[in-house]
>>> print(open('query.txt').read())   # compact mmCIF, C-alpha atoms
# COMPACT_ATOMS: atom_id res chain seq x y z
CA MET N 164 103.78 -43.29 17.70
CA THR N 165 104.97 -42.59 14.19
CA THR N 166 106.99 -45.78 14.11
CA ASP N 167 104.17 -47.93 15.45
CA GLU N 168 101.76 -46.50 12.93
CA SER N 169 104.01 -47.12 9.95
CA ALA N 170 104.92 -50.61 11.18
CA ILE N 171 101.34 -51.73 10.60
CA HIS N 172 101.51 -50.78 6.92
CA ASP N 173 105.07 -51.99 6.38
CA THR N 174 105.57 -54.15 3.33
CA GLN N 175 107.35 -57.33 4.38
CA PRO N 176 110.43 -58.64 2.50
CA GLY N 177 108.42 -61.69 1.44
CA THR N 178 105.96 -59.42 -0.39
CA TYR N 179 108.82 -57.73 -2.26
CA VAL N 180 110.17 -61.12 -3.36
CA THR N 181 106.70 -62.20 -4.55
CA VAL N 182 106.31 -58.96 -6.54
CA TRP N 183 109.78 -59.44 -8.03
CA LEU N 184 108.94 -63.02 -9.11
CA LEU N 185 105.69 -61.74 -10.64
CA LEU N 186 107.66 -59.08 -12.56
CA LEU N 187 110.04 -61.75 -13.90
CA VAL N 188 107.12 -63.96 -14.98
CA LEU N 189 105.50 -61.00 -16.78
CA THR N 190 108.82 -60.24 -18.51
CA ALA N 191 109.03 -63.87 -19.69
CA VAL N 192 105.42 -63.68 -20.93
CA THR N 193 105.93 -60.43 -22.86
CA VAL N 194 109.14 -61.71 -24.53
CA THR N 195 107.55 -65.07 -25.43
CA VAL N 196 104.39 -63.47 -26.83
CA ALA N 197 106.45 -61.02 -28.91
CA ARG N 198 108.55 -63.84 -30.38
CA LEU N 199 105.82 -66.41 -31.03
CA HIS N 200 102.69 -64.53 -31.97
CA PRO N 201 103.36 -61.38 -33.96
CA THR N 202 99.69 -60.46 -34.25
CA ARG N 203 98.29 -56.97 -34.59
CA PHE N 204 97.39 -57.10 -30.91
CA ALA N 205 101.06 -57.66 -30.00
CA VAL N 206 101.77 -53.97 -29.38
CA ALA N 207 98.65 -53.44 -27.27
CA LEU N 208 99.49 -56.58 -25.29
CA ALA N 209 103.11 -55.46 -24.76
CA ILE N 210 101.91 -52.06 -23.49
CA LEU N 211 99.33 -53.73 -21.26
CA ILE N 212 101.93 -56.03 -19.69
CA ALA N 213 104.33 -53.08 -19.25
CA THR N 214 101.55 -51.15 -17.51
CA ILE N 215 100.84 -54.07 -15.15
CA LYS N 216 104.57 -54.28 -14.37
CA GLY N 217 104.81 -50.52 -13.85
CA SER N 218 101.79 -50.57 -11.52
CA LEU N 219 103.34 -53.37 -9.46
CA VAL N 220 106.55 -51.34 -9.03
CA LEU N 221 104.57 -48.19 -8.12
CA THR N 222 102.23 -49.97 -5.70
CA TYR N 223 104.70 -52.16 -3.83
CA PHE N 224 108.30 -51.02 -4.41
CA MET N 225 107.39 -47.32 -4.34
CA HIS N 226 104.93 -47.95 -1.45
CA LEU N 227 102.10 -46.09 -3.14
CA ARG N 228 99.51 -48.21 -1.32
CA GLU N 229 100.93 -46.97 2.01
CA GLU N 230 100.85 -43.30 0.98
CA PRO N 231 98.14 -40.74 1.84
CA TRP N 232 95.38 -40.10 -0.69
CA ILE N 233 96.82 -36.70 -1.63
CA LEU N 234 99.90 -38.37 -3.14
CA LYS N 235 97.81 -40.84 -5.11
CA ALA N 236 95.68 -37.93 -6.37
CA MET N 237 98.81 -36.03 -7.41
CA LEU N 238 100.13 -39.02 -9.34
CA PHE N 239 96.73 -39.47 -10.96
CA PHE N 240 96.73 -35.88 -12.24
CA ALA N 241 100.34 -36.14 -13.43
CA LEU N 242 99.48 -39.28 -15.42
CA LEU N 243 96.24 -37.71 -16.67
CA SER N 244 98.17 -34.64 -17.90
CA LEU N 245 100.62 -36.89 -19.75
CA ALA N 246 97.76 -38.92 -21.27
CA LEU N 247 96.02 -35.72 -22.41
CA ILE N 248 99.21 -34.28 -23.92
CA ILE N 249 99.81 -37.51 -25.84
CA ALA N 250 96.17 -37.94 -26.91
CA LEU N 251 95.71 -34.32 -28.07
CA THR N 252 99.00 -34.23 -29.97
CA PHE N 253 98.19 -37.57 -31.55
CA ALA N 254 94.77 -36.33 -32.64
CA ASP N 255 96.40 -33.23 -34.13
CA VAL N 256 98.94 -35.30 -36.07
CA LEU N 257 96.38 -37.85 -37.32
CA TYR N 258 93.79 -35.34 -38.61
CA ARG N 259 96.14 -32.70 -39.96
CA MET T 292 99.16 -25.52 19.72
CA ASN T 293 101.28 -26.35 22.77
CA GLU T 294 105.01 -26.69 22.81
CA SER T 295 105.24 -30.49 22.76
CA ASN T 296 103.02 -30.66 19.68
CA GLU T 297 105.18 -28.16 17.88
CA LEU T 298 108.23 -30.24 18.64
CA ALA T 299 106.63 -33.49 17.61
CA ALA T 300 104.82 -32.31 14.50
CA PRO T 301 107.62 -30.95 12.28
CA HIS T 302 109.43 -34.26 11.98
CA ARG T 303 106.39 -36.13 10.74
CA LEU T 304 105.37 -33.28 8.42
CA ASP T 305 108.93 -33.08 7.14
CA TYR T 306 108.86 -36.73 6.24
CA VAL T 307 105.65 -36.44 4.25
CA GLY T 308 106.89 -33.20 2.71
CA ALA T 309 110.26 -34.69 1.74
CA LYS T 310 108.57 -37.58 -0.01
CA MET T 311 106.05 -35.31 -1.69
CA GLY T 312 108.88 -33.14 -2.98
CA MET T 313 110.54 -36.22 -4.44
CA TRP T 314 107.31 -37.27 -6.13
CA ILE T 315 106.87 -33.78 -7.65
CA PHE T 316 110.40 -34.03 -9.03
CA LEU T 317 109.52 -37.44 -10.46
CA PHE T 318 106.49 -35.89 -12.20
CA THR T 319 108.82 -33.50 -14.03
CA GLU T 320 110.92 -36.53 -14.99
CA LEU T 321 107.75 -38.23 -16.19
CA LEU T 322 107.11 -35.30 -18.55
CA LEU T 323 110.73 -35.38 -19.75
CA PHE T 324 110.40 -39.03 -20.78
CA GLY T 325 106.73 -38.54 -21.71
CA GLY T 326 107.70 -36.05 -24.41
CA MET T 327 110.03 -38.60 -25.93
CA PHE T 328 107.43 -41.37 -25.70
CA LEU T 329 105.07 -39.01 -27.56
CA LEU T 330 107.62 -38.53 -30.37
CA TYR T 331 108.08 -42.29 -30.49
CA SER T 332 104.34 -43.00 -30.84
CA VAL T 333 103.73 -40.33 -33.47
CA TYR T 334 106.67 -41.43 -35.66
CA ARG T 335 105.91 -45.09 -35.12
CA SER T 336 102.38 -44.57 -36.42
CA LYS T 337 103.86 -42.69 -39.40
CA TYR T 338 106.57 -45.24 -40.28
CA PRO T 339 105.42 -48.63 -38.91
CA ALA T 340 107.38 -50.73 -41.44
CA ASP T 341 110.66 -48.84 -40.91
CA PHE T 342 110.31 -49.15 -37.12
CA HIS T 343 109.80 -52.93 -37.40
CA LYS T 344 112.82 -53.28 -39.67
CA ALA T 345 115.10 -51.16 -37.48
CA ALA T 346 114.03 -52.84 -34.23
CA ALA T 347 115.20 -56.19 -35.63
CA ASP T 348 118.78 -54.89 -35.33
CA LEU T 349 118.54 -54.68 -31.53
CA ASN T 350 119.86 -57.47 -29.33
CA LEU T 351 116.82 -59.05 -27.65
CA PHE T 352 118.98 -61.15 -25.33
CA LEU T 353 120.85 -58.14 -23.91
CA GLY T 354 117.61 -56.17 -23.65
CA THR T 355 115.91 -58.97 -21.71
CA ALA T 356 118.97 -59.48 -19.52
CA ASN T 357 119.00 -55.77 -18.69
CA THR T 358 115.28 -55.91 -17.84
CA VAL T 359 115.89 -58.76 -15.39
CA ILE T 360 118.91 -56.91 -13.94
CA LEU T 361 116.96 -53.68 -13.32
CA LEU T 362 113.96 -55.51 -11.85
CA THR T 363 116.28 -57.37 -9.49
CA SER T 364 118.03 -54.13 -8.53
CA SER T 365 114.62 -52.68 -7.65
CA LEU T 366 114.06 -55.65 -5.34
CA THR T 367 117.41 -55.16 -3.56
CA MET T 368 116.69 -51.41 -3.25
CA ALA T 369 113.30 -52.09 -1.64
CA LEU T 370 114.89 -54.70 0.65
CA SER T 371 117.59 -52.22 1.75
CA ILE T 372 114.88 -49.82 2.97
CA ALA T 373 112.94 -52.63 4.68
CA ALA T 374 116.17 -53.71 6.42
CA MET T 375 116.90 -50.15 7.56
CA LYS T 376 113.38 -49.85 9.01
CA LYS T 377 114.07 -52.97 11.06
CA ALA T 378 117.42 -51.53 12.21
CA ALA T 379 119.34 -54.19 10.26
CA ARG T 380 121.99 -51.70 9.20
CA ASN T 381 124.47 -54.22 7.78
CA ARG T 382 121.84 -55.93 5.65
CA SER T 383 120.67 -52.54 4.39
CA PHE T 384 124.28 -51.65 3.50
CA LEU T 385 124.73 -54.96 1.67
CA MET T 386 121.48 -54.51 -0.29
CA GLN T 387 122.49 -50.98 -1.33
CA ALA T 388 125.87 -52.28 -2.50
CA LEU T 389 124.09 -55.05 -4.46
CA THR T 390 121.81 -52.46 -6.08
CA ILE T 391 124.85 -50.45 -7.20
CA SER T 392 126.51 -53.59 -8.60
CA LEU T 393 123.38 -54.47 -10.60
CA GLY T 394 123.18 -50.87 -11.87
CA LEU T 395 126.80 -51.09 -13.02
CA LEU T 396 126.10 -54.43 -14.70
CA PHE T 397 123.20 -52.78 -16.57
CA LEU T 398 125.58 -50.08 -17.83
CA VAL T 399 128.21 -52.66 -18.85
CA ASN T 400 125.55 -54.38 -20.99
CA LYS T 401 124.59 -50.98 -22.46
CA TYR T 402 128.27 -50.40 -23.28
CA ILE T 403 128.48 -53.78 -25.07
CA GLU T 404 125.26 -53.02 -26.93
CA TRP T 405 126.23 -49.52 -28.05
CA SER T 406 129.74 -50.68 -29.01
CA ALA T 407 128.18 -53.29 -31.30
CA HIS T 408 125.97 -50.63 -32.93
CA ILE T 409 128.90 -48.29 -33.43
CA HIS T 410 130.99 -51.20 -34.78
CA HIS T 411 128.27 -51.82 -37.38
CA GLY T 412 128.38 -48.14 -38.30
CA ILE T 413 125.05 -47.38 -36.61
CA TYR T 414 125.33 -44.09 -34.76
CA PRO T 415 123.72 -40.68 -35.33
CA ASP T 416 124.70 -39.11 -38.66
CA SER T 417 126.90 -42.08 -39.68
CA ALA T 418 127.36 -43.02 -43.34
CA VAL T 419 125.47 -46.30 -42.80
CA ILE T 420 122.51 -44.70 -41.07
CA LEU T 421 122.11 -42.00 -43.75
CA THR T 422 121.50 -44.73 -46.38
CA MET T 423 118.53 -46.03 -44.36
CA GLY T 424 114.88 -45.10 -44.68
CA ARG T 425 113.60 -41.99 -42.95
CA GLY T 426 111.66 -44.01 -40.35
CA GLU T 427 114.70 -46.14 -39.54
CA ILE T 428 116.82 -43.04 -39.01
CA ILE T 429 114.16 -41.66 -36.64
CA PHE T 430 113.95 -45.02 -34.83
CA PHE T 431 117.68 -45.07 -34.14
CA SER T 432 117.73 -41.39 -33.15
CA LEU T 433 114.98 -42.05 -30.62
CA TYR T 434 116.70 -45.25 -29.51
CA PHE T 435 120.01 -43.50 -28.81
CA VAL T 436 118.42 -40.46 -27.14
CA MET T 437 115.91 -42.38 -24.99
CA THR T 438 118.15 -45.24 -23.86
CA GLY T 439 120.99 -42.71 -23.52
CA ILE T 440 119.05 -40.41 -21.20
CA HIS T 441 117.74 -43.45 -19.35
CA GLY T 442 121.32 -44.74 -18.97
CA LEU T 443 122.32 -41.31 -17.63
CA HIS T 444 119.56 -41.67 -15.03
CA VAL T 445 120.91 -45.10 -14.04
CA LEU T 446 124.36 -43.52 -13.64
CA ILE T 447 122.94 -40.69 -11.49
CA GLY T 448 121.00 -43.29 -9.46
CA ILE T 449 124.21 -45.23 -8.84
CA GLY T 450 125.86 -42.02 -7.62
CA ALA T 451 122.92 -41.30 -5.31
CA ILE T 452 122.95 -44.82 -3.82
CA ALA T 453 126.74 -44.55 -3.36
CA ALA T 454 126.09 -41.41 -1.30
CA MET T 455 123.48 -43.38 0.72
CA LEU T 456 126.10 -46.09 1.39
CA LEU T 457 128.30 -43.38 2.85
CA PHE T 458 125.41 -41.95 4.91
CA THR T 459 124.56 -45.44 6.16
CA ALA T 460 128.17 -46.05 7.17
CA ARG T 461 128.33 -42.67 8.92
CA GLU T 462 124.94 -43.32 10.55
CA THR T 463 123.43 -40.18 9.05
CA ILE T 464 120.72 -42.53 7.84
CA THR T 465 119.18 -44.26 10.84
CA PRO T 466 116.23 -46.62 11.37
CA ARG T 467 114.27 -43.57 12.63
CA ASP T 468 115.32 -41.15 9.89
CA PHE T 469 115.82 -42.78 6.52
CA VAL T 470 113.89 -40.50 4.18
CA LYS T 471 117.05 -39.89 2.11
CA LEU T 472 117.33 -43.59 1.45
CA GLU T 473 113.62 -43.85 0.71
CA ASN T 474 113.69 -40.95 -1.79
CA THR T 475 116.74 -42.46 -3.50
CA GLY T 476 114.71 -45.67 -3.73
CA LEU T 477 111.82 -43.77 -5.33
CA TYR T 478 114.21 -42.39 -7.96
CA TRP T 479 115.68 -45.84 -8.63
CA HIS T 480 112.26 -47.47 -8.99
CA PHE T 481 111.10 -44.65 -11.28
CA VAL T 482 114.08 -45.29 -13.57
CA ASP T 483 113.07 -48.97 -13.51
CA VAL T 484 109.48 -48.10 -14.55
CA ILE T 485 110.82 -46.07 -17.51
CA TRP T 486 112.86 -49.09 -18.63
CA ILE T 487 109.78 -51.33 -18.26
CA TYR T 488 108.25 -49.23 -21.09
CA LEU T 489 111.43 -48.71 -23.14
CA PHE T 490 112.06 -52.44 -23.33
CA PRO T 491 108.92 -53.52 -25.24
CA LEU T 492 108.86 -50.36 -27.39
CA PHE T 493 112.38 -50.84 -28.72
CA TYR T 494 113.15 -54.55 -28.40
CA LEU T 495 109.82 -56.36 -28.77
CA ILE T 496 108.14 -54.74 -31.78
CA THR T 497 109.90 -56.76 -34.50
>>> encode(input="query.txt", output="structure tokens")
Amino acid sequence: MTTDESAIHDTQPGTYVTVWLLLLVLTAVTVTVARLHPTRFAVALAILIATIKGSLVLTYFMHLREEPWILKAMLFFALLSLALIIALTFADVLYR
Amino acid sequence: MNESNELAAPHRLDYVGAKMGMWIFLFTELLLFGGMFLLYSVYRSKYPADFHKAAADLNLFLGTANTVILLTSSLTMALSIAAMKKAARNRSFLMQALTISLGLLFLVNKYIEWSAHIHHGIYPDSAVILTMGRGEIIFFSLYFVMTGIHGLHVLIGIGAIAAMLLFTARETITPRDFVKLENTGLYWHFVDVIWIYLFPLFYLIT
């Protein structure tokens, strides 16, 4: 029963290859943008692309979309904690 | 709860528990790297010009090549688990071996990169680096510590996958029980995600 159940949610090799190609395209985009248009949005754009790439790896390669909600909630709180630590420390440094 | 349920339940619970344990470990790793990303952002906002200047010294080609290598190794890792699920043991073995090879290639590039830095006199506390601006010194300190600890993780990952190769050969990992391989995959992909952020922060901000 366990095997049947997980087989339904199994990510197929073709999906992995598609995700990998997408990751390579995003890498090409982020390198090209950084070299051609050094605007003040460059950093924000680089972080945004990195976040899209990271989400793709988490969702497909790390099978997050196949995991129970409790695991997604745990990851959410781990990321929230990190964001709070960074934001609060940053605020402290900026307004010191 | 009757006897058959008790026999059937632990395996499934174990599987979820084993993966959850791995994720909790990865959260501690997230905070380890998170602390360093925090230092990076604070000092970058303090010395933006120095960070730009120092980042120009990094080899964009090697950095991009290493990004492609790690992304590809994540693909082969994911494929090795998919193959094991389908009882294609040989293909899984091959994909694990490919993942290790790509990980080693990543480290070879890191060796070339660091050798070039050291050749140019850029290493912590060197005479060259002490003549630089404060922000540049901090940039290179963060660069060596963050890519160094990341590289150490790649090395540990290679060791873990090598153990999985052995388990696969000995049939300790089977198409019905492959949580070891899956957790090793989680670790490998996590190390990939860290690099996905390190790459733009150190190589693309010039």
>>> residues_around(input="query.txt", residues="range 402-411 of chain T", least_positions_apart="5", cutoff="9 Å", atoms="all atoms listed in the file", output="number ranges by chain")
T: 348-350, 353-354, 397, 419, 435
>>> write_last_selection(input="query.txt", atoms="C-alpha atoms", output="compact mmCIF listing (two decimals), in the coordinates of the input")
# COMPACT_ATOMS: atom_id res chain seq x y z
CA ASP T 348 118.78 -54.89 -35.33
CA LEU T 349 118.54 -54.68 -31.53
CA ASN T 350 119.86 -57.47 -29.33
CA LEU T 353 120.85 -58.14 -23.91
CA GLY T 354 117.61 -56.17 -23.65
CA PHE T 397 123.20 -52.78 -16.57
CA VAL T 419 125.47 -46.30 -42.80
CA PHE T 435 120.01 -43.50 -28.81
>>> atom_distance(input="query.txt", atom1="CA of Phe318 in chain T", atom2="CA of Tyr334 in chain T")
24.1 Å
>>> residues_around(input="query.txt", residues="range 226-240 of chain N", least_positions_apart="2", cutoff="12 Å", atoms="all atoms listed in the file", output="PyMOL selection string")
(chain N and resi 168-175+178-179+217-224+242-247) or (chain T and resi 306-308+310-319+321+369+372-373+473-474+476-477+480)
>>> interface_residues(input="query.txt", of="chain N", to="chain T", cutoff="8 Å", atoms="all atoms listed in the file", output="NGL selection string")
:N and (165-166 or 174-176 or 179-180 or 183 or 186-187 or 190 or 193-194 or 197-198 or 205-206 or 209-210 or 213-214 or 216-217 or 220-221 or 224-225 or 234 or 238 or 241 or 245 or 249 or 253 or 256)
>>> atom_distance(input="query.txt", atom1="CA of Ala254 in chain N", atom2="CA of Gly439 in chain T")
28.5 Å
>>> residues_near_point(input="query.txt", point="(114.1, -37.8, 5.9)", cutoff="7 Å", atoms="only C-alpha atoms", output="VMD selection string")
chain T and resid 306 309 468 to 471
>>> write_last_selection(input="query.txt", atoms="C-alpha atoms", output="compact mmCIF listing (two decimals), keeping the file's coordinate frame")
# COMPACT_ATOMS: atom_id res chain seq x y z
CA TYR T 306 108.86 -36.73 6.24
CA ALA T 309 110.26 -34.69 1.74
CA ASP T 468 115.32 -41.15 9.89
CA PHE T 469 115.82 -42.78 6.52
CA VAL T 470 113.89 -40.50 4.18
CA LYS T 471 117.05 -39.89 2.11
>>> residues_around(input="query.txt", residues="range 425-428 of chain T", least_positions_apart="4", cutoff="12 Å", atoms="all atoms listed in the file", output="MDAnalysis selection string")
chainID T and resid 331 333:348 413:421 432:435
>>> write_last_selection(input="query.txt", atoms="C-alpha atoms", output="short mmCIF file (atom, residue, chain, number, x, y, z; two decimals), in the coordinates of the input")
data_model
loop_
_atom_site.label_atom_id
_atom_site.label_comp_id
_atom_site.auth_asym_id
_atom_site.auth_seq_id
_atom_site.Cartn_x
_atom_site.Cartn_y
_atom_site.Cartn_z
CA TYR T 331 108.08 -42.29 -30.49
CA VAL T 333 103.73 -40.33 -33.47
CA TYR T 334 106.67 -41.43 -35.66
CA ARG T 335 105.91 -45.09 -35.12
CA SER T 336 102.38 -44.57 -36.42
CA LYS T 337 103.86 -42.69 -39.40
CA TYR T 338 106.57 -45.24 -40.28
CA PRO T 339 105.42 -48.63 -38.91
CA ALA T 340 107.38 -50.73 -41.44
CA ASP T 341 110.66 -48.84 -40.91
CA PHE T 342 110.31 -49.15 -37.12
CA HIS T 343 109.80 -52.93 -37.40
CA LYS T 344 112.82 -53.28 -39.67
CA ALA T 345 115.10 -51.16 -37.48
CA ALA T 346 114.03 -52.84 -34.23
CA ALA T 347 115.20 -56.19 -35.63
CA ASP T 348 118.78 -54.89 -35.33
CA ILE T 413 125.05 -47.38 -36.61
CA TYR T 414 125.33 -44.09 -34.76
CA PRO T 415 123.72 -40.68 -35.33
CA ASP T 416 124.70 -39.11 -38.66
CA SER T 417 126.90 -42.08 -39.68
CA ALA T 418 127.36 -43.02 -43.34
CA VAL T 419 125.47 -46.30 -42.80
CA ILE T 420 122.51 -44.70 -41.07
CA LEU T 421 122.11 -42.00 -43.75
CA SER T 432 117.73 -41.39 -33.15
CA LEU T 433 114.98 -42.05 -30.62
CA TYR T 434 116.70 -45.25 -29.51
CA PHE T 435 120.01 -43.50 -28.81
#
